[in-house]
Structures are given as C-alpha cells and as structure tokens.
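To be precise, the following lines are input.txt, and they hold compact mmCIF, N, CA, C and O atoms.
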# COMPACT_ATOMS: atom_id res chain seq x y z
N MET A 290 -9.19 -7.02 -1.04
CA MET A 290 -8.12 -6.07 -0.80
C MET A 290 -7.11 -6.69 0.15
O MET A 290 -7.47 -7.33 1.11
N TYR A 291 -5.85 -6.49 -0.14
CA TYR A 291 -4.77 -6.98 0.70
C TYR A 291 -4.73 -6.16 1.98
O TYR A 291 -4.70 -4.94 1.94
N SER A 292 -4.74 -6.82 3.12
CA SER A 292 -4.62 -6.15 4.41
C SER A 292 -3.18 -6.32 4.88
O SER A 292 -2.68 -7.43 4.99
N VAL A 293 -2.51 -5.22 5.14
CA VAL A 293 -1.08 -5.24 5.39
C VAL A 293 -0.75 -5.88 6.73
O VAL A 293 -1.10 -5.38 7.78
N LYS A 294 -0.09 -7.04 6.70
CA LYS A 294 0.38 -7.72 7.90
C LYS A 294 1.76 -8.30 7.66
O LYS A 294 2.50 -8.55 8.58
N GLN A 295 2.09 -8.55 6.42
CA GLN A 295 3.38 -9.09 6.03
C GLN A 295 3.65 -8.57 4.63
O GLN A 295 2.80 -7.91 4.04
N PRO A 296 4.84 -8.85 4.07
CA PRO A 296 5.08 -8.32 2.72
C PRO A 296 4.01 -8.76 1.73
O PRO A 296 3.55 -9.89 1.77
N LEU A 297 3.63 -7.84 0.88
CA LEU A 297 2.73 -8.15 -0.22
C LEU A 297 3.60 -8.71 -1.35
O LEU A 297 4.58 -8.08 -1.73
N VAL A 298 3.26 -9.88 -1.84
CA VAL A 298 4.02 -10.51 -2.92
C VAL A 298 3.17 -10.46 -4.18
O VAL A 298 2.01 -10.87 -4.18
N LYS A 299 3.75 -9.92 -5.26
CA LYS A 299 3.04 -9.82 -6.53
C LYS A 299 4.00 -10.04 -7.68
O LYS A 299 5.22 -9.97 -7.50
N SER A 300 3.46 -10.32 -8.86
CA SER A 300 4.29 -10.46 -10.05
C SER A 300 4.46 -9.08 -10.68
O SER A 300 3.70 -8.16 -10.38
N PRO A 301 5.44 -8.93 -11.57
CA PRO A 301 5.65 -7.63 -12.19
C PRO A 301 4.44 -7.14 -13.01
O PRO A 301 4.26 -5.94 -13.17
N VAL A 302 3.62 -8.06 -13.50
CA VAL A 302 2.50 -7.66 -14.35
C VAL A 302 1.16 -7.57 -13.60
O VAL A 302 0.19 -7.07 -14.15
N SER A 303 1.12 -8.05 -12.37
CA SER A 303 -0.14 -8.01 -11.64
C SER A 303 -0.43 -6.62 -11.10
O SER A 303 0.47 -5.82 -10.85
N ILE A 304 -1.71 -6.34 -10.94
CA ILE A 304 -2.18 -5.10 -10.32
C ILE A 304 -3.03 -5.53 -9.14
O ILE A 304 -4.02 -6.25 -9.32
N VAL A 305 -2.63 -5.13 -7.93
CA VAL A 305 -3.31 -5.58 -6.72
C VAL A 305 -3.80 -4.39 -5.90
O VAL A 305 -3.19 -3.33 -5.92
N ARG A 306 -4.90 -4.60 -5.20
CA ARG A 306 -5.42 -3.57 -4.30
C ARG A 306 -4.86 -3.82 -2.91
O ARG A 306 -4.82 -4.95 -2.44
N ALA A 307 -4.42 -2.76 -2.28
CA ALA A 307 -3.90 -2.84 -0.91
C ALA A 307 -4.44 -1.65 -0.13
O ALA A 307 -4.78 -0.62 -0.70
N GLY A 308 -4.52 -1.82 1.19
CA GLY A 308 -5.05 -0.74 1.99
C GLY A 308 -4.60 -0.80 3.43
O GLY A 308 -4.14 -1.83 3.92
N ILE A 309 -4.75 0.33 4.10
CA ILE A 309 -4.43 0.45 5.52
C ILE A 309 -5.64 1.05 6.22
O ILE A 309 -6.14 2.10 5.83
N ASN A 310 -6.11 0.35 7.27
CA ASN A 310 -7.15 0.91 8.13
C ASN A 310 -6.43 1.66 9.25
O ASN A 310 -5.76 1.06 10.08
N TRP A 311 -6.57 2.97 9.26
CA TRP A 311 -5.83 3.85 10.17
C TRP A 311 -6.48 3.99 11.55
O TRP A 311 -5.91 4.62 12.44
N THR A 312 -7.65 3.42 11.77
CA THR A 312 -8.40 3.64 13.00
C THR A 312 -7.56 3.42 14.26
O THR A 312 -7.58 4.23 15.18
N GLN A 313 -6.79 2.34 14.30
CA GLN A 313 -6.01 2.01 15.49
C GLN A 313 -4.89 3.01 15.77
O GLN A 313 -4.36 3.07 16.87
N PHE A 314 -4.51 3.80 14.78
CA PHE A 314 -3.41 4.76 14.94
C PHE A 314 -3.90 6.17 15.26
O PHE A 314 -3.08 7.07 15.48
N LEU A 315 -5.21 6.39 15.28
CA LEU A 315 -5.77 7.72 15.45
C LEU A 315 -6.16 8.00 16.90
O LEU A 315 -6.53 7.09 17.63
N GLU A 316 -6.10 9.28 17.27
CA GLU A 316 -6.63 9.71 18.56
C GLU A 316 -8.14 9.52 18.54
O GLU A 316 -8.78 9.58 17.48
N SER A 317 -8.72 9.29 19.68
CA SER A 317 -10.17 9.10 19.79
C SER A 317 -10.91 10.30 19.18
O SER A 317 -10.60 11.45 19.49
N GLY A 318 -11.83 10.02 18.29
CA GLY A 318 -12.63 11.07 17.66
C GLY A 318 -12.02 11.66 16.40
O GLY A 318 -12.69 12.40 15.69
N ASP A 319 -10.75 11.38 16.11
CA ASP A 319 -10.10 11.91 14.92
C ASP A 319 -10.37 11.00 13.73
O ASP A 319 -10.62 9.81 13.89
N THR A 320 -10.33 11.55 12.54
CA THR A 320 -10.54 10.77 11.32
C THR A 320 -9.53 11.19 10.26
O THR A 320 -8.92 12.26 10.34
N VAL A 321 -9.38 10.34 9.25
CA VAL A 321 -8.46 10.64 8.15
C VAL A 321 -9.14 11.60 7.19
O VAL A 321 -10.25 11.35 6.73
N ALA A 322 -8.45 12.70 6.86
CA ALA A 322 -8.99 13.70 5.94
C ALA A 322 -8.42 13.52 4.53
O ALA A 322 -9.14 13.66 3.54
N THR A 323 -7.10 13.22 4.43
CA THR A 323 -6.46 13.03 3.13
C THR A 323 -5.48 11.87 3.20
O THR A 323 -4.97 11.53 4.27
N SER A 324 -5.22 11.27 2.04
CA SER A 324 -4.32 10.12 1.95
C SER A 324 -3.55 10.20 0.64
O SER A 324 -4.13 10.50 -0.41
N THR A 325 -2.24 9.93 0.70
CA THR A 325 -1.40 9.91 -0.49
C THR A 325 -0.50 8.69 -0.45
O THR A 325 0.09 8.37 0.58
N TRP A 326 -0.39 7.98 -1.58
CA TRP A 326 0.46 6.79 -1.71
C TRP A 326 1.72 7.15 -2.47
O TRP A 326 1.67 7.95 -3.42
N SER A 327 2.86 6.55 -2.07
CA SER A 327 4.12 6.84 -2.76
C SER A 327 5.09 5.68 -2.59
O SER A 327 4.91 4.79 -1.76
N CYS A 328 6.14 5.72 -3.42
CA CYS A 328 7.23 4.75 -3.36
C CYS A 328 8.49 5.50 -3.78
O CYS A 328 8.42 6.41 -4.62
N ASP A 329 9.62 5.14 -3.21
CA ASP A 329 10.87 5.80 -3.56
C ASP A 329 11.36 5.43 -4.95
O ASP A 329 12.33 6.00 -5.43
N SER A 330 10.72 4.48 -5.60
CA SER A 330 11.11 4.05 -6.94
C SER A 330 9.97 4.30 -7.92
O SER A 330 8.80 4.09 -7.60
N ASP A 331 10.34 4.70 -9.13
CA ASP A 331 9.34 4.88 -10.19
C ASP A 331 8.89 3.55 -10.78
O ASP A 331 8.01 3.52 -11.64
N ASP A 332 9.50 2.43 -10.33
CA ASP A 332 9.10 1.10 -10.83
C ASP A 332 7.69 0.75 -10.39
O ASP A 332 7.01 -0.06 -11.03
N ILE A 333 7.25 1.29 -9.26
CA ILE A 333 5.92 1.02 -8.70
C ILE A 333 5.00 2.19 -9.02
O ILE A 333 5.38 3.35 -8.84
N THR A 334 3.79 1.87 -9.49
CA THR A 334 2.82 2.92 -9.78
C THR A 334 1.53 2.66 -9.01
O THR A 334 1.25 1.54 -8.61
N PHE A 335 0.76 3.72 -8.84
CA PHE A 335 -0.48 3.66 -8.07
C PHE A 335 -1.64 4.20 -8.90
O PHE A 335 -1.48 5.14 -9.66
N SER A 336 -2.79 3.58 -8.71
CA SER A 336 -4.01 4.06 -9.36
C SER A 336 -5.18 3.83 -8.41
O SER A 336 -5.05 3.13 -7.40
N ARG A 337 -6.31 4.42 -8.74
CA ARG A 337 -7.55 4.27 -7.96
C ARG A 337 -7.34 4.47 -6.46
O ARG A 337 -7.81 3.67 -5.65
N GLN A 338 -6.64 5.53 -6.12
CA GLN A 338 -6.45 5.84 -4.70
C GLN A 338 -7.80 6.26 -4.12
O GLN A 338 -8.49 7.10 -4.68
N GLN A 339 -8.15 5.61 -2.99
CA GLN A 339 -9.45 5.88 -2.36
C GLN A 339 -9.27 6.08 -0.87
O GLN A 339 -8.33 5.54 -0.27
N LEU A 340 -10.18 6.82 -0.30
CA LEU A 340 -10.26 6.98 1.14
C LEU A 340 -11.72 6.80 1.52
O LEU A 340 -12.59 7.58 1.14
N VAL A 341 -12.01 5.69 2.24
CA VAL A 341 -13.37 5.39 2.69
C VAL A 341 -13.31 5.28 4.21
O VAL A 341 -12.70 4.35 4.74
N GLY A 342 -13.91 6.24 4.88
CA GLY A 342 -13.80 6.28 6.33
C GLY A 342 -12.34 6.48 6.70
O GLY A 342 -11.69 7.41 6.22
N ASN A 343 -11.81 5.61 7.53
CA ASN A 343 -10.40 5.68 7.93
C ASN A 343 -9.52 4.67 7.19
O ASN A 343 -8.39 4.42 7.60
N THR A 344 -10.04 4.10 6.10
CA THR A 344 -9.27 3.13 5.32
C THR A 344 -8.82 3.75 4.00
O THR A 344 -9.65 4.17 3.20
N ALA A 345 -7.50 3.81 3.83
CA ALA A 345 -6.91 4.31 2.60
C ALA A 345 -6.51 3.10 1.75
O ALA A 345 -5.91 2.15 2.26
N SER A 346 -6.84 3.14 0.47
CA SER A 346 -6.49 2.02 -0.41
C SER A 346 -6.08 2.52 -1.78
O SER A 346 -6.32 3.68 -2.13
N CYS A 347 -5.45 1.63 -2.54
CA CYS A 347 -5.04 1.94 -3.90
C CYS A 347 -4.77 0.64 -4.64
O CYS A 347 -4.75 -0.42 -4.04
N ARG A 348 -4.55 0.76 -5.93
CA ARG A 348 -4.08 -0.37 -6.73
C ARG A 348 -2.60 -0.14 -6.98
O ARG A 348 -2.17 0.96 -7.30
N ILE A 349 -1.82 -1.23 -6.81
CA ILE A 349 -0.37 -1.17 -6.96
C ILE A 349 0.03 -2.00 -8.18
O ILE A 349 -0.39 -3.15 -8.31
N ALA A 350 0.82 -1.39 -9.06
CA ALA A 350 1.27 -2.07 -10.28
C ALA A 350 2.78 -1.91 -10.43
O ALA A 350 3.39 -1.04 -9.81
N GLY A 351 3.35 -2.76 -11.28
CA GLY A 351 4.75 -2.63 -11.65
C GLY A 351 5.70 -3.36 -10.74
O GLY A 351 5.32 -4.25 -9.99
N GLY A 352 6.95 -2.96 -10.81
CA GLY A 352 8.03 -3.58 -10.06
C GLY A 352 8.85 -4.49 -10.94
O GLY A 352 8.40 -4.94 -12.00
N ILE A 353 10.06 -4.76 -10.51
CA ILE A 353 10.99 -5.63 -11.23
C ILE A 353 11.20 -6.89 -10.42
O ILE A 353 11.47 -6.83 -9.21
N ALA A 354 11.06 -8.06 -11.07
CA ALA A 354 11.20 -9.35 -10.40
C ALA A 354 12.52 -9.40 -9.63
O ALA A 354 13.56 -9.00 -10.13
N GLY A 355 12.44 -9.87 -8.38
CA GLY A 355 13.60 -9.97 -7.52
C GLY A 355 13.81 -8.77 -6.62
O GLY A 355 14.63 -8.81 -5.70
N ASN A 356 13.09 -7.69 -6.88
CA ASN A 356 13.23 -6.48 -6.07
C ASN A 356 12.15 -6.39 -5.00
O ASN A 356 11.06 -6.94 -5.15
N SER A 357 12.46 -5.67 -3.93
CA SER A 357 11.50 -5.33 -2.88
C SER A 357 11.39 -3.81 -2.82
O SER A 357 12.37 -3.10 -3.01
N TYR A 358 10.19 -3.34 -2.53
CA TYR A 358 9.93 -1.91 -2.49
C TYR A 358 9.19 -1.54 -1.21
O TYR A 358 8.35 -2.31 -0.75
N GLU A 359 9.49 -0.37 -0.68
CA GLU A 359 8.72 0.16 0.44
C GLU A 359 7.65 1.08 -0.13
O GLU A 359 7.95 2.02 -0.86
N VAL A 360 6.40 0.77 0.18
CA VAL A 360 5.25 1.56 -0.27
C VAL A 360 4.74 2.35 0.93
O VAL A 360 4.47 1.77 1.98
N PHE A 361 4.62 3.65 0.77
CA PHE A 361 4.25 4.55 1.85
C PHE A 361 2.83 5.08 1.68
O PHE A 361 2.41 5.37 0.56
N ASN A 362 2.13 5.21 2.79
CA ASN A 362 0.84 5.90 2.81
C ASN A 362 0.96 7.02 3.83
O ASN A 362 1.25 6.78 4.99
N THR A 363 0.76 8.24 3.36
CA THR A 363 0.83 9.42 4.22
C THR A 363 -0.58 9.99 4.36
O THR A 363 -1.26 10.21 3.36
N ILE A 364 -0.99 10.22 5.60
CA ILE A 364 -2.33 10.77 5.84
C ILE A 364 -2.23 12.07 6.62
O ILE A 364 -1.26 12.31 7.34
N THR A 365 -3.27 12.87 6.47
CA THR A 365 -3.49 14.03 7.33
C THR A 365 -4.86 13.82 7.96
O THR A 365 -5.82 13.44 7.27
N THR A 366 -4.95 14.05 9.26
CA THR A 366 -6.22 13.86 9.96
C THR A 366 -7.01 15.16 10.01
O THR A 366 -6.47 16.24 9.73
N THR A 367 -8.26 15.05 10.40
CA THR A 367 -9.10 16.25 10.49
C THR A 367 -8.61 17.22 11.55
O THR A 367 -8.89 18.41 11.48
N SER A 368 -7.83 16.73 12.51
CA SER A 368 -7.27 17.62 13.54
C SER A 368 -5.91 18.19 13.13
O SER A 368 -5.31 18.95 13.87
N GLY A 369 -5.42 17.81 11.94
CA GLY A 369 -4.17 18.37 11.43
C GLY A 369 -2.94 17.52 11.67
O GLY A 369 -1.83 17.91 11.27
N ASP A 370 -3.07 16.35 12.31
CA ASP A 370 -1.92 15.47 12.50
C ASP A 370 -1.54 14.82 11.17
O ASP A 370 -2.41 14.56 10.32
N VAL A 371 -0.24 14.54 11.00
CA VAL A 371 0.25 13.87 9.80
C VAL A 371 0.96 12.59 10.26
O VAL A 371 1.74 12.61 11.21
N ASP A 372 0.67 11.48 9.58
CA ASP A 372 1.31 10.20 9.90
C ASP A 372 1.69 9.53 8.58
O ASP A 372 1.04 9.74 7.55
N ARG A 373 2.75 8.73 8.64
CA ARG A 373 3.22 8.02 7.45
C ARG A 373 3.62 6.62 7.88
O ARG A 373 4.42 6.45 8.79
N ARG A 374 3.06 5.62 7.22
CA ARG A 374 3.40 4.21 7.48
C ARG A 374 3.75 3.56 6.15
O ARG A 374 3.40 4.07 5.09
N TYR A 375 4.44 2.42 6.24
CA TYR A 375 4.81 1.73 5.00
C TYR A 375 4.70 0.22 5.17
O TYR A 375 4.64 -0.30 6.28
N PHE A 376 4.65 -0.44 4.04
CA PHE A 376 4.77 -1.89 3.99
C PHE A 376 5.64 -2.25 2.80
O PHE A 376 5.91 -1.43 1.94
N VAL A 377 6.10 -3.50 2.78
CA VAL A 377 7.03 -3.96 1.74
C VAL A 377 6.25 -4.72 0.67
O VAL A 377 5.38 -5.54 0.98
N VAL A 378 6.58 -4.43 -0.57
CA VAL A 378 6.04 -5.16 -1.72
C VAL A 378 7.21 -5.91 -2.35
O VAL A 378 8.21 -5.30 -2.74
N GLU A 379 7.09 -7.23 -2.40
CA GLU A 379 8.11 -8.07 -3.02
C GLU A 379 7.62 -8.52 -4.39
O GLU A 379 6.48 -8.95 -4.53
N ILE A 380 8.49 -8.39 -5.37
CA ILE A 380 8.12 -8.74 -6.74
C ILE A 380 8.75 -10.08 -7.09
O ILE A 380 9.98 -10.24 -7.03
N GLU A 381 7.91 -11.04 -7.43
CA GLU A 381 8.37 -12.37 -7.82
C GLU A 381 7.82 -12.71 -9.19
O GLU A 381 6.66 -12.44 -9.48
N ASP A 382 8.66 -13.29 -10.00
CA ASP A 382 8.22 -13.77 -11.30
C ASP A 382 7.53 -15.09 -11.06
O ASP A 382 8.17 -16.05 -10.62
N THR A 383 6.25 -15.15 -11.28
CA THR A 383 5.48 -16.36 -10.97
C THR A 383 5.28 -17.18 -12.23
O THR A 383 4.69 -16.73 -13.20
N GLN A 384 5.78 -18.39 -12.19
CA GLN A 384 5.65 -19.30 -13.32
C GLN A 384 4.81 -20.49 -12.87
O GLN A 384 5.10 -21.11 -11.84
N LEU A 385 3.79 -20.77 -13.61
CA LEU A 385 2.93 -21.90 -13.30
C LEU A 385 3.43 -23.15 -14.00
O LEU A 385 3.94 -23.08 -15.13
N SER A 386 3.27 -24.29 -13.36
CA SER A 386 3.60 -25.55 -14.03
C SER A 386 2.31 -26.12 -14.61
O SER A 386 1.26 -26.11 -13.97
N ILE A 387 2.39 -26.58 -15.83
CA ILE A 387 1.21 -27.12 -16.51
C ILE A 387 1.31 -28.63 -16.51
O ILE A 387 2.33 -29.20 -16.91
N GLU A 388 0.24 -29.27 -16.08
CA GLU A 388 0.23 -30.73 -16.02
C GLU A 388 -0.70 -31.31 -17.05
O GLU A 388 -1.65 -30.74 -17.44
Starting from the file, give its structure as structure tokens.
Amino acid sequence: MYSVKQPLVKSPVSIVRAGINWTQFLESGDTVATSTWSCDSDDITFSRQQLVGNTASCRIAGGIAGNSYEVFNTITTTSGDVDRRYFVVEIEDTQLSIE
C-alpha cells in the first residue's frame, strides 16, 4: 500500500492502493469511526474502501495522463470530530523501453 508522503504517481490504466494512518492526527483515546474517499474530478475512481483500526485505504483508478488530482479522505471519529486530508495523484503515461 502506498503511504502518503509525496505525490502518488500512477499511469492512467493502473489501479493502486493508497492509505492514510490517522493515529497521529487523533486526540488521545479517539479512533476513526467512518472514512470516505473523494476527488473533485470524475476522472479518478475509488474501490475497495477499507477502514482497519485508524488506517483508511482504498484502490485508486483512472486519471488522464499529464493531469494531477487532489484525492481527499474524510473521516469521522468516535467522539464526533470530522477531519479531511488530501494528497496529490499525478498521472503519467509510462512507456517502457524494450532492449
């Protein structure tokens, strides 16, 4: 699974798993109750959204080569707090050279 620290780079046809461990952003004793993934563009799609402990993850597909997208994860905690963070997904057309 991709751990968000810098832009995630993928091809338009690849499907990659990405996730955010929310533990560092939570008050002591609080946990993530719900998680939702979104993007302002319909070019990016999400599947297999999961929440395991305080780690929210999903599979990210789509995008148009040359474009960058902000992918958002919105959570609600067991104490009722709501937080939203994002990371950038850059779409590159990857061509391999054959030797």
Quick one: pull the distance between atom CA of Val377 of chain A and atom CA of Ile353 of chain A, Å, one decimal. 13.7 Å
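Distances to Ser324 of chain A were evaluated for A:Ile364, A:Ala354, A:Ile349, A:Ile304 using only C-alpha atoms, and the minimum falls at A:Ile364.
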Box for segment 313-328 of chain A: with edges along x, y and z, all listed atoms inside and 6 Å added on each side, what are the centre and edge lengths in Å to one decimal, as lines of an AutoDock Vina configuration file?
center_x = -2.1
center_y = 7.9
center_z = 7.6
size_x = 33.2
size_y = 23.7
size_z = 36.4
Contacts of Gly318 of chain A at 8 Å (only N, CA, C and O atoms; same-chain gap of 5+ positions) as a PyMOL selection string: chain A and resi 312+367-368
Just the strand (DSSP E) stuff from segment 298-387 of chain A, please, per backbone DSSP, written as an NGL selection string. :A and (298-299 or 304-310 or 321-328 or 333-341 or 344-351 or 357-366 or 371-380)
Neighbours of Asp332 of chain A within 7 Å (only N, CA, C and O atoms; same-chain residues fewer than 2 positions away dropped), as a list in words? Pro301, Asp329, Ser330, Thr334, Ala350, Gly351, Gly352 and Ile353 of chain A
Would you compute the distance between atom O of Ser327 of chain A and atom N of Asn343 of chain A? Give it in Å to one decimal. 19.1 Å
Considering only N, CA, C and O atoms, return as a list in words whatever protein or nucleic-acid residues lie within 8 Å of Val341 of chain A, sequence-local ones (same chain, fewer than 2 positions apart) excluded. Ile309, Asn310, Trp311, Val321, Gln338, Gln339, Asn343, Thr344, Ala345 and Ser346 of chain A
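Here atom CA of Phe376 of chain A and atom CA of Gly355 of chain A stand 16.6 Å from one another.
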Residue contacts of Arg337 of chain A (9 Å, only C-alpha atoms) excluding same-chain residues fewer than 6 positions away, as a PyMOL selection string: chain A and resi 306+346-348
Need the shell around Ser300 of chain A: protein/DNA/RNA residues with any atom at most 6 Å away, counting all atoms listed in the file. Skip same-chain ones fewer than 6 positions apart. Format as a PDB file with N, CA, C and O atoms, in the frame of the given file?
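The resulting file, around-v9.pdb, is reproduced below:
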ATOM      1  N   GLY A 351       3.350  -2.760 -11.280  1.00  0.00           N
ATOM      2  CA  GLY A 351       4.750  -2.630 -11.650  1.00  0.00           C
ATOM      3  C   GLY A 351       5.700  -3.360 -10.740  1.00  0.00           C
ATOM      4  O   GLY A 351       5.320  -4.250  -9.990  1.00  0.00           O
ATOM      5  N   GLY A 352       6.950  -2.960 -10.810  1.00  0.00           N
ATOM      6  CA  GLY A 352       8.030  -3.580 -10.060  1.00  0.00           C
ATOM      7  C   GLY A 352       8.850  -4.490 -10.940  1.00  0.00           C
ATOM      8  O   GLY A 352       8.400  -4.940 -12.000  1.00  0.00           O
ATOM      9  N   GLU A 379       7.090  -7.230  -2.400  1.00  0.00           N
ATOM     10  CA  GLU A 379       8.110  -8.070  -3.020  1.00  0.00           C
ATOM     11  C   GLU A 379       7.620  -8.520  -4.390  1.00  0.00           C
ATOM     12  O   GLU A 379       6.480  -8.950  -4.530  1.00  0.00           O
ATOM     13  N   ILE A 380       8.490  -8.390  -5.370  1.00  0.00           N
ATOM     14  CA  ILE A 380       8.120  -8.740  -6.740  1.00  0.00           C
ATOM     15  C   ILE A 380       8.750 -10.080  -7.090  1.00  0.00           C
ATOM     16  O   ILE A 380       9.980 -10.240  -7.030  1.00  0.00           O
ATOM     17  N   GLU A 381       7.910 -11.040  -7.430  1.00  0.00           N
ATOM     18  CA  GLU A 381       8.370 -12.370  -7.820  1.00  0.00           C
ATOM     19  C   GLU A 381       7.820 -12.710  -9.190  1.00  0.00           C
ATOM     20  O   GLU A 381       6.660 -12.440  -9.480  1.00  0.00           O
ATOM     21  N   ASP A 382       8.660 -13.290 -10.000  1.00  0.00           N
ATOM     22  CA  ASP A 382       8.220 -13.770 -11.300  1.00  0.00           C
ATOM     23  C   ASP A 382       7.530 -15.090 -11.060  1.00  0.00           C
ATOM     24  O   ASP A 382       8.170 -16.050 -10.620  1.00  0.00           O
ATOM     25  N   THR A 383       6.250 -15.150 -11.280  1.00  0.00           N
ATOM     26  CA  THR A 383       5.480 -16.360 -10.970  1.00  0.00           C
ATOM     27  C   THR A 383       5.280 -17.180 -12.230  1.00  0.00           C
ATOM     28  O   THR A 383       4.690 -16.730 -13.200  1.00  0.00           O
TER      29      THR A 383
END
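Of the listed residues (A:Gln295, A:Cys328, A:Ser317, A:Ala322), A:Ala322 comes nearest to Asp370 of chain A; the distances count all atoms listed in the file.
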Within 6 Å of file point (-3.0, 10.9, 13.6), counting only N, CA, C and O atoms, expressed as a count of residues only: 7
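Of the listed residues (A:Gly342, A:Ile387, A:Gly308, A:Val378), A:Gly342 comes nearest to Thr323 of chain A; the distances count all atoms listed in the file.
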Can you complete the atoms of segment 337-344 of chain A to all heavy atoms and list them as a CSV table (one decimal), in the coordinates of the input?
chain,number,residue,atom,x,y,z
A,337,ARG,N,-6.3,4.4,-8.7
A,337,ARG,CA,-7.6,4.3,-8.0
A,337,ARG,C,-7.3,4.5,-6.5
A,337,ARG,O,-7.8,3.7,-5.6
A,337,ARG,CB,-8.2,2.9,-8.2
A,337,ARG,CG,-8.7,2.8,-9.7
A,337,ARG,CD,-9.5,1.6,-9.9
A,337,ARG,NE,-9.8,1.4,-11.3
A,337,ARG,CZ,-10.5,0.4,-11.7
A,337,ARG,NH1,-11.0,-0.5,-10.9
A,337,ARG,NH2,-10.8,0.3,-13.0
A,338,GLN,N,-6.6,5.5,-6.1
A,338,GLN,CA,-6.4,5.8,-4.7
A,338,GLN,C,-7.8,6.3,-4.1
A,338,GLN,O,-8.5,7.1,-4.7
A,338,GLN,CB,-5.4,7.0,-4.5
A,338,GLN,CG,-4.0,6.5,-5.0
A,338,GLN,CD,-3.0,7.6,-4.8
A,338,GLN,OE1,-3.0,8.2,-3.7
A,338,GLN,NE2,-2.1,7.7,-5.7
A,339,GLN,N,-8.2,5.6,-3.0
A,339,GLN,CA,-9.4,5.9,-2.4
A,339,GLN,C,-9.3,6.1,-0.9
A,339,GLN,O,-8.3,5.5,-0.3
A,339,GLN,CB,-10.4,4.7,-2.6
A,339,GLN,CG,-10.8,4.5,-4.0
A,339,GLN,CD,-11.9,3.4,-4.1
A,339,GLN,OE1,-11.7,2.4,-3.4
A,339,GLN,NE2,-12.9,3.6,-4.9
A,340,LEU,N,-10.2,6.8,-0.3
A,340,LEU,CA,-10.3,7.0,1.1
A,340,LEU,C,-11.7,6.8,1.5
A,340,LEU,O,-12.6,7.6,1.1
A,340,LEU,CB,-9.8,8.4,1.6
A,340,LEU,CG,-9.8,8.7,3.1
A,340,LEU,CD1,-9.0,7.7,3.9
A,340,LEU,CD2,-9.4,10.1,3.3
A,341,VAL,N,-12.0,5.7,2.2
A,341,VAL,CA,-13.4,5.4,2.7
A,341,VAL,C,-13.3,5.3,4.2
A,341,VAL,O,-12.7,4.4,4.7
A,341,VAL,CB,-13.9,4.1,2.1
A,341,VAL,CG1,-15.3,3.8,2.6
A,341,VAL,CG2,-13.9,4.2,0.5
A,342,GLY,N,-13.9,6.2,4.9
A,342,GLY,CA,-13.8,6.3,6.3
A,342,GLY,C,-12.3,6.5,6.7
A,342,GLY,O,-11.7,7.4,6.2
A,343,ASN,N,-11.8,5.6,7.5
A,343,ASN,CA,-10.4,5.7,7.9
A,343,ASN,C,-9.5,4.7,7.2
A,343,ASN,O,-8.4,4.4,7.6
A,343,ASN,CB,-10.3,5.5,9.4
A,343,ASN,CG,-10.8,6.6,10.2
A,343,ASN,OD1,-10.7,7.8,9.8
A,343,ASN,ND2,-11.4,6.4,11.4
A,344,THR,N,-10.0,4.1,6.1
A,344,THR,CA,-9.3,3.1,5.3
A,344,THR,C,-8.8,3.8,4.0
A,344,THR,O,-9.6,4.2,3.2
A,344,THR,CB,-10.1,1.9,5.0
A,344,THR,OG1,-10.4,1.3,6.3
A,344,THR,CG2,-9.3,0.9,4.2
